[in-house]
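Note sheet for the following structure.
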Amino acid sequence: MLLFLRHLLDHPVIRQLTARLQSPWHPDLRRITKQSTIDLQPSSTRLRAQEVTSWDNVAQSFRQKPHYLDEFLGTLKRQTHLSLIERWGGIPTTGHVLKTDLFEEAMGPDALLEEFAREENLIVGMDVSLTTATRAYERNGQKPISYITADVCRLPFIDNSFALIVSPSTLDHFVDPGDLSTSLRELRRLLTPDGRLIITLDNRQNIFDPLLRLANRLGLTPYYLGRSYRIGELCTELEAAGFTVEEKTAILHNPRLVAVAVIKVANALNWPPFTQLVRRGLLTAQHLEHTRWRYFTGSFIAAKAVRKHSSQ
């Protein structure tokens, strides 16, 4: 009897079925081992060449120049996102975790993914750019994290794969704004029935958003900015994609371009009292999240969403 069971478990069909039950990867792709990067085959993705090339160029440019965020601003951004994730349930002790872009991990001091790493979880970071994914791996390859390139509008994972998806200002860089709804439906498909999506987008209600858009048109920002959103628009898109919004807020309460410029001035002056004053002001401004003005001062809107049950 034991011999029969052993032969049964070794049958190719049974082995394939078992692999599909245990792995989030789509069956037409090989399993990506931890600490590796791959480029998906063209038949498995709808990557748009012009957009991919644009992000590859951004990644290449940061090999020759420092990140646009200095250490203080990068740490502030990183800690703000980590605090939000912790407040909204934290990293699950079981189940897989997905981050929908690797810009922070590849480029600057605001990386998040290394803080997600757990031996008991499969942690996956993805990006539309192979250059970005590769650089993220080069910087963090010692961590138990998998890196891939993929299009967030058509992801290479089977249904119900992830207990947590973190999407930090990924879906506001589309050339076609209609891709937001497509990508949200993809993310819902990947969530387990009790999974969570934590998403941030550029805040259209921020009083400095028009200045940021102008700077982008003048070529003063390092990457393409897609459409920005009001919190009501984000909630409407999430509901239409099959989510229930459980929490919402706005985070990073500092004028983005102004903060970068002021920090540069403080660093150039190299006068500790002025530097401390600037940093203290930026830290104090974060308390605006707990006021009624948060959607006018926050750089990003944020929402925690879960899959809408059929009864809802």
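All residue names refer to the structure tokens as shown: chains lettered A, B, ... in order, residues numbered from 1 in each chain, ligands numbered from 1 in order.
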
### Task
Within 7 Å of Asp127 (chain A), counting only C-alpha atoms, which residues show up once you throw out same-chain ones fewer than 4 positions away? Write them as a count of residues only, please.
8

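Using only C-alpha atoms, the residues found no farther than 7 Å from region 242-254 of chain A, other than those of its own chain fewer than 5 positions away, are Lys77, Thr80, Cys235, Ala259, Leu282, Ala285, Gln286, Leu288, Glu289, Arg294, Tyr295, Thr297, Gly298, Ser299, Phe300, Ile301, Ala302, Ala303, Lys304, Ala305, Val306, Arg307 and Lys308 of chain A.
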
Save the residues we just selected, C-alpha atoms, as a PDB file, in the first residue's frame?
ATOM      1  CA  LYS A  77       8.758  58.338   3.796  1.00  0.00           C
ATOM      2  CA  THR A  80       5.459  56.630   7.414  1.00  0.00           C
ATOM      3  CA  CYS A 235     -12.739  54.613  -2.971  1.00  0.00           C
ATOM      4  CA  ALA A 259      10.507  69.907   1.131  1.00  0.00           C
ATOM      5  CA  LEU A 282       8.641  68.415   8.688  1.00  0.00           C
ATOM      6  CA  ALA A 285       3.669  68.508   9.995  1.00  0.00           C
ATOM      7  CA  GLN A 286       2.944  64.757  10.055  1.00  0.00           C
ATOM      8  CA  LEU A 288      -1.832  66.934  10.190  1.00  0.00           C
ATOM      9  CA  GLU A 289      -2.936  63.387   9.318  1.00  0.00           C
ATOM     10  CA  ARG A 294      -5.314  65.882   5.999  1.00  0.00           C
ATOM     11  CA  TYR A 295      -6.585  65.540   2.416  1.00  0.00           C
ATOM     12  CA  THR A 297      -1.837  68.541   3.064  1.00  0.00           C
ATOM     13  CA  GLY A 298      -1.022  64.845   2.478  1.00  0.00           C
ATOM     14  CA  SER A 299       1.184  63.937  -0.474  1.00  0.00           C
ATOM     15  CA  PHE A 300      -0.542  60.566  -0.860  1.00  0.00           C
ATOM     16  CA  ILE A 301      -4.031  59.251  -0.256  1.00  0.00           C
ATOM     17  CA  ALA A 302      -4.140  55.776   1.265  1.00  0.00           C
ATOM     18  CA  ALA A 303      -6.749  53.058   1.652  1.00  0.00           C
ATOM     19  CA  LYS A 304      -7.004  49.626   3.198  1.00  0.00           C
ATOM     20  CA  ALA A 305      -9.363  47.385   1.197  1.00  0.00           C
ATOM     21  CA  VAL A 306     -10.548  43.788   1.375  1.00  0.00           C
ATOM     22  CA  ARG A 307     -12.392  41.605  -1.106  1.00  0.00           C
ATOM     23  CA  LYS A 308     -16.094  42.335  -1.234  1.00  0.00           C
TER      24      LYS A 308
END

### Residues near Leu201 (chain A), cut-off 10 Å, only C-alpha atoms, skip fewer than 3 positions along chain, as a PyMOL selection string
chain A and resi 167-173+204+227-231+234+250+299-303

Every residue of region 75-159 of chain A that DSSP places in alpha helix (DSSP H), as a CSV table (one decimal) with C-alpha atoms, in the first residue's frame:
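Okay, this is what ended up in out_31.csv:
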chain,number,residue,atom,x,y,z
A,75,THR,CA,13.6,57.7,6.1
A,76,LEU,CA,10.6,59.8,6.8
A,77,LYS,CA,8.8,58.3,3.8
A,78,ARG,CA,9.8,54.8,4.7
A,79,GLN,CA,8.8,55.0,8.3
A,80,THR,CA,5.5,56.6,7.4
A,81,HIS,CA,4.6,53.7,5.1
A,82,LEU,CA,5.8,51.1,7.6
A,83,SER,CA,3.7,52.7,10.3
A,84,LEU,CA,0.6,52.8,8.1
A,85,ILE,CA,1.1,49.1,7.2
A,86,GLU,CA,1.5,48.2,10.9
A,87,ARG,CA,-1.5,50.2,11.9
A,103,PHE,CA,11.4,51.8,-7.3
A,104,GLU,CA,12.3,52.4,-3.6
A,105,GLU,CA,14.2,49.1,-3.3
A,106,ALA,CA,16.3,49.9,-6.4
A,107,MET,CA,16.9,53.6,-6.0
A,130,LEU,CA,13.8,44.6,-15.6
A,131,THR,CA,16.6,47.1,-14.8
A,132,THR,CA,14.8,48.2,-11.7
A,133,ALA,CA,14.0,44.7,-10.5
A,134,THR,CA,17.7,43.7,-11.1
A,135,ARG,CA,19.0,46.6,-9.3
A,136,ALA,CA,16.7,46.0,-6.3
A,137,TYR,CA,18.0,42.4,-6.2
A,138,GLU,CA,21.6,43.6,-6.3
A,139,ARG,CA,21.0,45.9,-3.3
A,140,ASN,CA,18.9,43.4,-1.3

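CA of Pro144 (chain A) is positioned 8.5 Å from CA of Glu114 (chain A).
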
### Task
Identify, with DSSP run on backbone atoms, the residues in region 160-284 of chain A assigned to strand (DSSP E or B), and express the list as a ChimeraX atom specification.
/A:162-168,191-203,229,243-251

### Query
CA of Thr221 (chain A) and CA of Ser181 (chain A) are how many Å apart?
25.5 Å

Got a sec: who's within 12 Å of Val265 (chain A), counting only C-alpha atoms, leaving out chain neighbours fewer than 6 positions off, as an mmCIF file with N, CA and C atoms, in the first residue's frame?
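Saved result, around21.cif, follows:
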data_model
loop_
_atom_site.group_PDB
_atom_site.id
_atom_site.type_symbol
_atom_site.label_atom_id
_atom_site.label_comp_id
_atom_site.auth_asym_id
_atom_site.auth_seq_id
_atom_site.Cartn_x
_atom_site.Cartn_y
_atom_site.Cartn_z
ATOM 1 N N ASP A 70 16.886 62.869 -0.060
ATOM 2 C CA ASP A 70 18.049 62.676 0.798
ATOM 3 C C ASP A 70 17.692 61.690 1.906
ATOM 4 N N VAL A 258 8.820 71.414 -2.401
ATOM 5 C CA VAL A 258 9.322 72.418 -1.474
ATOM 6 C C VAL A 258 10.189 71.761 -0.402
ATOM 7 N N ALA A 259 9.739 70.621 0.109
ATOM 8 C CA ALA A 259 10.507 69.907 1.131
ATOM 9 C C ALA A 259 11.876 69.500 0.594
ATOM 10 N N TRP A 271 24.446 74.272 8.402
ATOM 11 C CA TRP A 271 24.332 74.949 9.693
ATOM 12 C C TRP A 271 23.370 74.140 10.554
ATOM 13 N N PRO A 272 23.859 73.378 11.512
ATOM 14 C CA PRO A 272 23.025 72.439 12.278
ATOM 15 C C PRO A 272 21.747 73.033 12.853
ATOM 16 N N PHE A 274 19.770 75.366 11.699
ATOM 17 C CA PHE A 274 18.775 75.496 10.633
ATOM 18 C C PHE A 274 18.306 74.123 10.159
ATOM 19 N N THR A 275 19.237 73.190 10.021
ATOM 20 C CA THR A 275 18.878 71.828 9.609
ATOM 21 C C THR A 275 17.909 71.201 10.603
ATOM 22 N N VAL A 278 14.403 72.756 10.236
ATOM 23 C CA VAL A 278 13.688 72.247 9.065
ATOM 24 C C VAL A 278 13.154 70.841 9.324
#

### Task
Skip region 186-197 of chain A itself and residues of its chain fewer than 3 positions away, then list as a ChimeraX atom specification all residues within 7 Å of it, counting only C-alpha atoms.
/A:153-155,158-166,182-183,304-307

### Given only C-alpha atoms as the counted atoms, nearest of A:Asn203, A:Leu122, A:Pro222, A:Tyr147 to Asp56 (chain A)
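Answer, going by the shortest atom-to-atom distance: A:Pro222.
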